[in-house]
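> One structure, as structure tokens, below. Some questions next.
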Amino acid sequence: MTTQEQLGAFVMPTYGRFPVVLDHGTGESCADETGKTYIDFGSGIGTNSLGYCNADWVEAVCQQVHTLQHTSNLYYTKVQADFAEKLCEVTGYTKVFFCNSGAEANECAIKLARKYSFDKYGKGRHKILTLVNSFHGRTLCTLSATGQEVFHNYFFPFVEGFDFVTANDIDDLKAKLDDTVCAVMIEYVQGEGGVNALDQAFVDAIFEECKKRDVLVIADEVQTGVGRTGTFLAGEQFGHKADVITLAKGIAGGLPMGACLANEKCANVLDKGSHGSTFGGNPVCCAGGLAVLKTVTAPGFLDGVKEKATYLREKLSKLPGVASVSGLGLMIGIALTDKKAGDVANAALEQGLLVLTAKDKVRLLPPLTISKEEIDRGVAILADVLAQ
Ligand SMILES: *Cc1c(COP(=O)(O)O)cnc(C)c1O
């Protein structure tokens with residue numbers, strides 16, 4: 001059996017995969033089973049934030065594997081303590097809960113918000129407003145939180161207590177912010193929903209209205225966080241600090257890790273016994289996360305991300321067949337004038353470039369470490385594909 005046949009036979013058919021078997025990688029490029037190489041403008045959906053097999057990351061992870069691979073959270077580990085301290089220091093949040101994915105981080109944030117409200121106001125104030133076109137994960141609860149009708153099928157009954165506000169519609173926000181609401185959850189840049197940044201005025205209104213009512217703001221920074229947009233958190237660019245944020249994707253350089261961080265006000269809401277995870281804060285993943293944080297917070301690194309993002313965006317906007325370029329930093333959506341995003345992604349693959357799609361856009365999430373030379377090579381392939 002070929003690898004593709006094997007996967008077809010033994011893995012549930014939940015994914016539409018590109019017809020390629022990836023085998024190994026270094027830096028911004030990877031190779032398939034036949035040795036054909038690809039420049040990766042998708043970085044495993046934004047997870048390989050330092051590219052493939054970054055030397056410092058590999059060393060940190062391997063050293064941890066050789067030392068202590070897991071203990072559960074019944075015991076303390078130094079590497080989890082160091083990662084937690086550094087993450088709080090870098091983000092300005094007070095405490096963190098570790099889990100293993102974006103959906104789990106959002107589950108934690110939702111539980112936290114409901115308990116915050118329950119502890120203070122009692123029952124009945126449990127609703128969480130999210131945005132139309134949002135994406136918050138694939139568990140039953142985070143599917144319920146996701147503001148896209150296509151996700152609200154088959155799996156009935158869904159989790160109650162969510163309502164959806166039209167993005168950038170301040171009147172809709174105000175109308176739905178009643179006394180049953182305990183939190184508003186947003187992505188500053190909607191990723192899966194089509195790489196659209198929220199309007200500043202709408203974000204300002206959310207924070208202002210929520211503050212008046214002691215409603216928590218949860219920022220789902222699973223995709224936008226850890227330097228992706230050119231600042232460590234996307235919220236920095238909007239001038240706001242949410243009560244609770246969630247991180248995952250790029251946080252541990254390609255290892256499964258999720259984090260839910262809370263400010264001083266909410267830091268102790270989830271108390272002993274109220275939440276937990278067997279693997280959350282696993283030592284190997286924490287070691288990978290520490291290596292990512294060291295790199296991303298090194299002097300000048302994020303300025304470099306911003307600079308590369310501007311460079312890439314300018315090049316993309318000048319390509320034939322490109323209608324507009326959206327998103328923030330190295331989280332990029334490309335609206336096309338007439339070609340289909342899926343066709344472009346398949347043609348790019350043929351020519352040795354990996355790209356993603358989001359709704360009708362081509363989506364790029366290149367590794368934060370990408371070089372200008374690799375950007376040039378990738379854009380040249382994309383230009384070729386679009387010109388055909
Ligand atoms: C990817 C993503 C998630 C889900 O993360 P998983 O690790 O797949 O559970 C949640 N929110 C946002 C904004 C995402 O981009």
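Letters for chains follow the order of the structure tokens (A, B, ...), residue numbers begin at 1 for each chain, and ligand numbers begin at 1 in the order shown.
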Extract the full set of strand (DSSP E or B) residues from region 14-96 of chain A according to DSSP on the backbone, and format it as a PyMOL selection string.

chain A and resi 22-27+29-32+37-40+52+95-96

> Write the residues you've just listed into a file as a short mmCIF file (atom, residue, chain, number, x, y, z; two decimals), in the first residue's frame, and include all heavy atoms for each of them.


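Saved result, selection38.cif, follows:
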```
data_model
loop_
_atom_site.label_atom_id
_atom_site.label_comp_id
_atom_site.auth_asym_id
_atom_site.auth_seq_id
_atom_site.Cartn_x
_atom_site.Cartn_y
_atom_site.Cartn_z
N LEU A 22 4.56 14.38 2.93
CA LEU A 22 5.73 15.15 3.37
C LEU A 22 6.61 14.28 4.27
O LEU A 22 6.11 13.52 5.09
CB LEU A 22 5.29 16.42 4.09
CG LEU A 22 4.54 17.43 3.19
CD1 LEU A 22 4.11 18.65 3.98
CD2 LEU A 22 5.39 17.84 1.98
N ASP A 23 7.89 14.43 4.08
CA ASP A 23 8.82 13.52 4.74
C ASP A 23 9.79 14.21 5.69
O ASP A 23 10.02 13.73 6.78
CB ASP A 23 9.61 12.77 3.66
CG ASP A 23 10.51 11.71 4.24
OD1 ASP A 23 9.97 10.65 4.63
OD2 ASP A 23 11.73 11.95 4.34
N HIS A 24 10.37 15.30 5.29
CA HIS A 24 11.31 16.01 6.16
C HIS A 24 11.42 17.47 5.75
O HIS A 24 10.96 17.84 4.66
CB HIS A 24 12.69 15.34 6.14
CG HIS A 24 13.30 15.29 4.76
ND1 HIS A 24 13.02 14.28 3.87
CD2 HIS A 24 14.14 16.12 4.13
CE1 HIS A 24 13.68 14.49 2.74
NE2 HIS A 24 14.38 15.60 2.87
N GLY A 25 12.01 18.27 6.63
CA GLY A 25 12.15 19.69 6.30
C GLY A 25 13.27 20.35 7.08
O GLY A 25 13.69 19.86 8.13
N THR A 26 13.73 21.47 6.54
CA THR A 26 14.66 22.34 7.28
C THR A 26 14.32 23.78 6.94
O THR A 26 14.05 24.09 5.77
CB THR A 26 16.15 22.17 6.88
OG1 THR A 26 16.21 21.74 5.52
CG2 THR A 26 16.90 21.27 7.80
N GLY A 27 14.34 24.63 7.95
CA GLY A 27 14.05 26.05 7.72
C GLY A 27 12.68 26.24 7.10
O GLY A 27 11.69 25.71 7.59
N SER A 29 11.71 25.21 4.12
CA SER A 29 11.39 24.26 3.05
C SER A 29 11.22 22.85 3.60
O SER A 29 11.82 22.48 4.60
CB SER A 29 12.51 24.22 2.01
OG SER A 29 12.64 25.48 1.42
N CYS A 30 10.41 22.06 2.88
CA CYS A 30 10.27 20.67 3.23
C CYS A 30 10.32 19.83 1.96
O CYS A 30 10.30 20.37 0.86
CB CYS A 30 8.98 20.43 4.00
SG CYS A 30 7.50 20.91 3.12
N ALA A 31 10.42 18.51 2.13
CA ALA A 31 10.53 17.63 0.97
C ALA A 31 9.55 16.48 1.12
O ALA A 31 9.23 16.06 2.23
CB ALA A 31 11.96 17.09 0.87
N ASP A 32 9.07 15.98 -0.03
CA ASP A 32 8.16 14.83 0.01
C ASP A 32 8.95 13.54 -0.13
O ASP A 32 10.18 13.55 -0.20
CB ASP A 32 7.05 14.98 -1.03
CG ASP A 32 7.56 14.92 -2.47
OD1 ASP A 32 8.71 14.45 -2.69
OD2 ASP A 32 6.81 15.33 -3.37
N THR A 37 11.16 19.27 -3.35
CA THR A 37 11.12 20.23 -2.24
C THR A 37 10.04 21.29 -2.45
O THR A 37 9.65 21.60 -3.58
CB THR A 37 12.48 20.93 -2.03
OG1 THR A 37 12.82 21.63 -3.22
CG2 THR A 37 13.56 19.93 -1.68
N TYR A 38 9.59 21.83 -1.33
CA TYR A 38 8.53 22.84 -1.33
C TYR A 38 8.91 23.97 -0.39
O TYR A 38 9.38 23.72 0.72
CB TYR A 38 7.21 22.23 -0.81
CG TYR A 38 6.75 21.02 -1.58
CD1 TYR A 38 7.27 19.75 -1.28
CD2 TYR A 38 5.80 21.13 -2.58
CE1 TYR A 38 6.84 18.63 -1.98
CE2 TYR A 38 5.38 20.02 -3.28
CZ TYR A 38 5.89 18.78 -2.98
OH TYR A 38 5.48 17.68 -3.68
N ILE A 39 8.67 25.20 -0.80
CA ILE A 39 8.75 26.33 0.13
C ILE A 39 7.42 26.34 0.86
O ILE A 39 6.36 26.24 0.25
CB ILE A 39 8.93 27.65 -0.64
CG1 ILE A 39 10.23 27.63 -1.43
CG2 ILE A 39 8.91 28.83 0.33
CD1 ILE A 39 10.31 28.71 -2.47
N ASP A 40 7.47 26.44 2.18
CA ASP A 40 6.24 26.32 2.96
C ASP A 40 5.73 27.69 3.42
O ASP A 40 6.25 28.27 4.36
CB ASP A 40 6.47 25.40 4.16
CG ASP A 40 5.16 25.01 4.82
OD1 ASP A 40 4.12 25.61 4.47
OD2 ASP A 40 5.18 24.11 5.68
N TYR A 52 10.91 24.51 9.91
CA TYR A 52 11.15 23.08 10.19
C TYR A 52 12.47 22.91 10.93
O TYR A 52 13.51 23.41 10.51
CB TYR A 52 11.21 22.28 8.89
CG TYR A 52 9.87 22.15 8.20
CD1 TYR A 52 9.52 23.00 7.16
CD2 TYR A 52 8.95 21.20 8.62
CE1 TYR A 52 8.28 22.90 6.54
CE2 TYR A 52 7.71 21.08 8.01
CZ TYR A 52 7.39 21.94 6.96
OH TYR A 52 6.17 21.82 6.36
N LYS A 95 -1.78 34.72 35.17
CA LYS A 95 -1.64 33.26 35.30
C LYS A 95 -2.08 32.55 34.02
O LYS A 95 -2.89 33.09 33.24
CB LYS A 95 -2.45 32.72 36.49
CG LYS A 95 -1.81 33.08 37.83
CD LYS A 95 -2.48 32.42 39.01
CE LYS A 95 -1.78 32.89 40.29
NZ LYS A 95 -2.44 32.42 41.51
N VAL A 96 -1.59 31.34 33.86
CA VAL A 96 -1.87 30.55 32.66
C VAL A 96 -2.42 29.18 33.05
O VAL A 96 -2.07 28.64 34.10
CB VAL A 96 -0.58 30.41 31.80
CG1 VAL A 96 0.53 29.70 32.56
CG2 VAL A 96 -0.85 29.66 30.49
#
```

> Need to verify the contact set: region 230-244 of chain A, 9 Å, only C-alpha atoms, exclusion of same-chain residues closer than 2 positions in sequence. Can you return it as number ranges by chain?

A: 90-93, 109, 112-113, 188-189, 200, 203-204, 207, 216-221, 224-228, 246, 260-266, 296-297, 302-307, 309, 328-330, 368

> Let's have the selection written as a compact mmCIF listing (two decimals), in the first residue's frame, with N, CA and C atoms.


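Okay, this is what ended up in selection.txt:
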```
# COMPACT_ATOMS: atom_id res chain seq x y z
N VAL A 90 5.99 37.88 29.13
CA VAL A 90 5.94 38.38 27.76
C VAL A 90 4.57 38.97 27.42
N THR A 91 3.50 38.33 27.91
CA THR A 91 2.15 38.76 27.54
C THR A 91 1.57 39.80 28.50
N GLY A 92 2.13 39.88 29.71
CA GLY A 92 1.57 40.79 30.72
C GLY A 92 0.36 40.20 31.44
N TYR A 93 0.12 38.91 31.28
CA TYR A 93 -0.99 38.27 32.01
C TYR A 93 -0.49 37.68 33.32
N ALA A 109 -11.22 29.01 28.47
CA ALA A 109 -11.64 30.42 28.57
C ALA A 109 -13.15 30.52 28.80
N LEU A 112 -13.92 29.46 32.32
CA LEU A 112 -13.47 30.52 33.22
C LEU A 112 -14.48 31.67 33.27
N ALA A 113 -14.92 32.09 32.08
CA ALA A 113 -15.85 33.23 32.01
C ALA A 113 -17.17 32.90 32.72
N TYR A 188 -9.14 39.02 16.77
CA TYR A 188 -8.84 40.35 16.22
C TYR A 188 -8.75 40.28 14.69
N VAL A 189 -8.20 39.18 14.22
CA VAL A 189 -8.22 38.90 12.78
C VAL A 189 -8.86 37.52 12.62
N GLN A 200 -11.11 48.92 14.08
CA GLN A 200 -10.68 49.47 15.36
C GLN A 200 -11.88 49.98 16.18
N VAL A 203 -13.73 47.12 17.84
CA VAL A 203 -12.96 46.57 18.97
C VAL A 203 -13.05 47.54 20.15
N ASP A 204 -12.89 48.83 19.89
CA ASP A 204 -13.01 49.84 20.96
C ASP A 204 -14.37 49.73 21.65
N PHE A 207 -14.67 46.67 24.04
CA PHE A 207 -14.00 46.86 25.33
C PHE A 207 -14.75 47.87 26.20
N LEU A 216 -16.62 39.93 30.57
CA LEU A 216 -15.23 39.67 30.22
C LEU A 216 -15.02 39.73 28.70
N VAL A 217 -13.85 40.20 28.29
CA VAL A 217 -13.47 40.08 26.88
C VAL A 217 -12.45 38.95 26.78
N ILE A 218 -12.78 37.98 25.92
CA ILE A 218 -11.86 36.87 25.63
C ILE A 218 -11.31 37.09 24.23
N ALA A 219 -9.99 37.16 24.09
CA ALA A 219 -9.41 37.25 22.75
C ALA A 219 -8.85 35.88 22.37
N ASP A 220 -9.43 35.31 21.33
CA ASP A 220 -8.92 34.04 20.80
C ASP A 220 -7.74 34.38 19.90
N GLU A 221 -6.54 34.29 20.48
CA GLU A 221 -5.31 34.59 19.73
C GLU A 221 -4.60 33.30 19.34
N THR A 224 -3.57 34.35 15.84
CA THR A 224 -2.92 35.66 15.74
C THR A 224 -1.76 35.84 16.71
N GLY A 225 -1.68 34.98 17.75
CA GLY A 225 -0.72 35.19 18.82
C GLY A 225 0.71 34.75 18.50
N VAL A 226 1.57 34.97 19.47
CA VAL A 226 2.98 34.53 19.41
C VAL A 226 3.71 35.08 18.17
N GLY A 227 3.49 36.38 17.92
CA GLY A 227 4.28 37.07 16.91
C GLY A 227 3.74 37.02 15.50
N ARG A 228 2.70 36.26 15.27
CA ARG A 228 2.18 36.06 13.91
C ARG A 228 1.86 37.38 13.20
N THR A 246 -6.39 33.27 24.58
CA THR A 246 -6.04 31.88 24.31
C THR A 246 -4.98 31.83 23.22
N CYS A 260 -4.34 29.17 28.06
CA CYS A 260 -5.37 30.16 28.35
C CYS A 260 -4.80 31.06 29.45
N LEU A 261 -4.67 32.34 29.16
CA LEU A 261 -4.07 33.26 30.13
C LEU A 261 -5.11 34.25 30.65
N ALA A 262 -5.02 34.57 31.93
CA ALA A 262 -6.00 35.47 32.53
C ALA A 262 -5.30 36.62 33.25
N ASN A 263 -5.97 37.78 33.27
CA ASN A 263 -5.41 38.93 33.99
C ASN A 263 -5.66 38.76 35.49
N GLU A 264 -5.19 39.74 36.25
CA GLU A 264 -5.29 39.71 37.71
C GLU A 264 -6.72 39.40 38.19
N LYS A 265 -7.68 40.05 37.55
CA LYS A 265 -9.09 39.92 37.95
C LYS A 265 -9.60 38.47 37.86
N CYS A 266 -9.09 37.72 36.88
CA CYS A 266 -9.62 36.37 36.62
C CYS A 266 -8.63 35.25 36.91
N VAL A 296 11.34 34.47 19.63
CA VAL A 296 10.39 35.51 19.23
C VAL A 296 10.58 36.81 20.04
N THR A 297 11.06 36.67 21.29
CA THR A 297 11.23 37.87 22.11
C THR A 297 12.65 38.43 22.05
N LEU A 302 10.66 40.69 16.32
CA LEU A 302 9.30 41.06 15.87
C LEU A 302 9.33 42.23 14.89
N ASP A 303 10.31 43.13 15.03
CA ASP A 303 10.46 44.19 14.02
C ASP A 303 10.77 43.56 12.66
N GLY A 304 11.57 42.50 12.71
CA GLY A 304 11.89 41.76 11.48
C GLY A 304 10.64 41.14 10.86
N VAL A 305 9.77 40.60 11.71
CA VAL A 305 8.51 40.01 11.22
C VAL A 305 7.68 41.08 10.51
N LYS A 306 7.58 42.24 11.17
CA LYS A 306 6.80 43.35 10.59
C LYS A 306 7.37 43.77 9.23
N GLU A 307 8.70 43.88 9.20
CA GLU A 307 9.37 44.32 7.98
C GLU A 307 9.14 43.32 6.85
N ALA A 309 6.73 41.21 6.65
CA ALA A 309 5.30 41.21 6.31
C ALA A 309 5.00 42.33 5.31
N LEU A 328 -3.12 40.75 8.86
CA LEU A 328 -2.20 41.57 9.64
C LEU A 328 -0.86 40.82 9.75
N GLY A 329 0.24 41.53 9.54
CA GLY A 329 1.55 40.91 9.66
C GLY A 329 1.71 39.73 8.73
N LEU A 330 2.23 38.62 9.25
CA LEU A 330 2.42 37.43 8.43
C LEU A 330 1.21 36.49 8.47
N LEU A 368 7.72 32.47 10.94
CA LEU A 368 8.14 33.83 11.31
C LEU A 368 9.61 34.06 10.97
```

> Between CA of Ala197 (chain A) and CA of Gly44 (chain A), what is the distance in Å, rounded to a tenth?

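For CA of Ala197 (chain A) relative to CA of Gly44 (chain A), the distance reads 21.5 Å.
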
> With only C-alpha atoms as the counted atoms, please give the residues lying no more than 8 Å from region 142-153 of chain A, apart from itself and same-chain residues fewer than 2 positions off, as a PyMOL selection string.

chain A and resi 103+106-107+128+130-140+155-156+158-160+162-164

> Would you save the residues of that selection, restricted to N, CA and C atoms, as a PDB file, in the first residue's frame?


```pdb
ATOM      1  N   ALA A 103      -8.740  24.558  20.558  1.00  0.00           N
ATOM      2  CA  ALA A 103     -10.103  24.310  21.035  1.00  0.00           C
ATOM      3  C   ALA A 103     -10.115  24.150  22.552  1.00  0.00           C
ATOM      4  N   ASN A 106      -9.767  27.428  24.284  1.00  0.00           N
ATOM      5  CA  ASN A 106     -11.035  28.162  24.271  1.00  0.00           C
ATOM      6  C   ASN A 106     -12.055  27.551  25.237  1.00  0.00           C
ATOM      7  N   GLU A 107     -12.067  26.225  25.347  1.00  0.00           N
ATOM      8  CA  GLU A 107     -12.942  25.578  26.344  1.00  0.00           C
ATOM      9  C   GLU A 107     -12.613  26.125  27.733  1.00  0.00           C
ATOM     10  N   ILE A 128     -22.317  33.677  26.106  1.00  0.00           N
ATOM     11  CA  ILE A 128     -21.083  34.212  25.521  1.00  0.00           C
ATOM     12  C   ILE A 128     -21.368  34.653  24.096  1.00  0.00           C
ATOM     13  N   THR A 130     -20.117  35.615  20.502  1.00  0.00           N
ATOM     14  CA  THR A 130     -18.975  35.519  19.584  1.00  0.00           C
ATOM     15  C   THR A 130     -19.405  36.205  18.290  1.00  0.00           C
ATOM     16  N   LEU A 131     -18.568  36.178  17.287  1.00  0.00           N
ATOM     17  CA  LEU A 131     -18.878  36.918  16.061  1.00  0.00           C
ATOM     18  C   LEU A 131     -19.287  35.994  14.922  1.00  0.00           C
ATOM     19  N   VAL A 132     -20.138  36.509  14.073  1.00  0.00           N
ATOM     20  CA  VAL A 132     -20.483  35.796  12.848  1.00  0.00           C
ATOM     21  C   VAL A 132     -19.182  35.606  12.047  1.00  0.00           C
ATOM     22  N   ASN A 133     -18.992  34.417  11.516  1.00  0.00           N
ATOM     23  CA  ASN A 133     -17.795  34.080  10.728  1.00  0.00           C
ATOM     24  C   ASN A 133     -16.570  33.745  11.580  1.00  0.00           C
ATOM     25  N   SER A 134     -16.784  33.615  12.886  1.00  0.00           N
ATOM     26  CA  SER A 134     -15.650  33.279  13.747  1.00  0.00           C
ATOM     27  C   SER A 134     -15.308  31.797  13.611  1.00  0.00           C
ATOM     28  N   PHE A 135     -14.160  31.431  14.144  1.00  0.00           N
ATOM     29  CA  PHE A 135     -13.814  30.007  14.286  1.00  0.00           C
ATOM     30  C   PHE A 135     -13.121  29.806  15.621  1.00  0.00           C
ATOM     31  N   HIS A 136     -13.664  28.918  16.443  1.00  0.00           N
ATOM     32  CA  HIS A 136     -13.084  28.727  17.771  1.00  0.00           C
ATOM     33  C   HIS A 136     -12.735  27.275  18.089  1.00  0.00           C
ATOM     34  N   GLY A 137     -12.945  26.349  17.155  1.00  0.00           N
ATOM     35  CA  GLY A 137     -12.507  24.972  17.394  1.00  0.00           C
ATOM     36  C   GLY A 137     -13.558  23.937  17.040  1.00  0.00           C
ATOM     37  N   ARG A 138     -13.217  22.664  17.264  1.00  0.00           N
ATOM     38  CA  ARG A 138     -14.017  21.539  16.791  1.00  0.00           C
ATOM     39  C   ARG A 138     -14.644  20.692  17.888  1.00  0.00           C
ATOM     40  N   THR A 139     -14.409  21.027  19.157  1.00  0.00           N
ATOM     41  CA  THR A 139     -15.121  20.297  20.212  1.00  0.00           C
ATOM     42  C   THR A 139     -16.577  20.751  20.191  1.00  0.00           C
ATOM     43  N   LEU A 140     -17.464  20.041  20.862  1.00  0.00           N
ATOM     44  CA  LEU A 140     -18.877  20.430  20.810  1.00  0.00           C
ATOM     45  C   LEU A 140     -19.090  21.859  21.308  1.00  0.00           C
ATOM     46  N   PHE A 155     -24.494  17.220  14.874  1.00  0.00           N
ATOM     47  CA  PHE A 155     -24.051  16.807  16.212  1.00  0.00           C
ATOM     48  C   PHE A 155     -24.984  17.275  17.327  1.00  0.00           C
ATOM     49  N   PHE A 156     -26.247  17.450  17.002  1.00  0.00           N
ATOM     50  CA  PHE A 156     -27.203  17.979  17.981  1.00  0.00           C
ATOM     51  C   PHE A 156     -27.333  17.070  19.203  1.00  0.00           C
ATOM     52  N   PHE A 158     -26.312  20.923  20.485  1.00  0.00           N
ATOM     53  CA  PHE A 158     -25.097  21.690  20.739  1.00  0.00           C
ATOM     54  C   PHE A 158     -25.118  22.282  22.146  1.00  0.00           C
ATOM     55  N   VAL A 159     -24.023  22.876  22.539  1.00  0.00           N
ATOM     56  CA  VAL A 159     -23.947  23.493  23.871  1.00  0.00           C
ATOM     57  C   VAL A 159     -24.717  24.816  23.829  1.00  0.00           C
ATOM     58  N   GLU A 160     -25.553  25.019  24.795  1.00  0.00           N
ATOM     59  CA  GLU A 160     -26.366  26.243  24.859  1.00  0.00           C
ATOM     60  C   GLU A 160     -25.533  27.430  25.330  1.00  0.00           C
ATOM     61  N   PHE A 162     -24.751  30.512  23.552  1.00  0.00           N
ATOM     62  CA  PHE A 162     -23.934  31.328  22.652  1.00  0.00           C
ATOM     63  C   PHE A 162     -24.852  32.124  21.738  1.00  0.00           C
ATOM     64  N   ASP A 163     -24.441  33.351  21.405  1.00  0.00           N
ATOM     65  CA  ASP A 163     -25.150  34.124  20.397  1.00  0.00           C
ATOM     66  C   ASP A 163     -24.102  34.852  19.562  1.00  0.00           C
ATOM     67  N   PHE A 164     -24.502  35.265  18.372  1.00  0.00           N
ATOM     68  CA  PHE A 164     -23.512  35.728  17.397  1.00  0.00           C
ATOM     69  C   PHE A 164     -23.782  37.156  16.959  1.00  0.00           C
TER      70      PHE A 164
END
```

> Could you work out how far CA of Thr71 (chain A) lies from CA of Ala291 (chain A), giving the answer in Å with one decimal?

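Straight-line distance from CA of Ala291 (chain A) to CA of Thr71 (chain A) works out to 20.3 Å.
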
> Pick from A:Thr357, A:Thr47, A:Gln4, A:Gln223: nearest to Met331 (chain A), with only C-alpha atoms counted?

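Of A:Thr357, A:Thr47, A:Gln4, A:Gln223, the one nearest Met331 (chain A) is A:Gln223, counting only C-alpha atoms.
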
> Can you check which residues of region 8-197 of chain A DSSP gives as alpha helix (DSSP H) on the backbone and send them as a ChimeraX atom specification?

/A:8-10,43-46,55-67,78-91,102-121,140-145,170-176

> Can you list, as a VMD selection string, every protein, DNA or RNA residue that comes within 10 Å of Ser72 (chain A) when you count only C-alpha atoms, leaving out same-chain residues fewer than 5 positions away?

chain A and resid 77 277 to 283
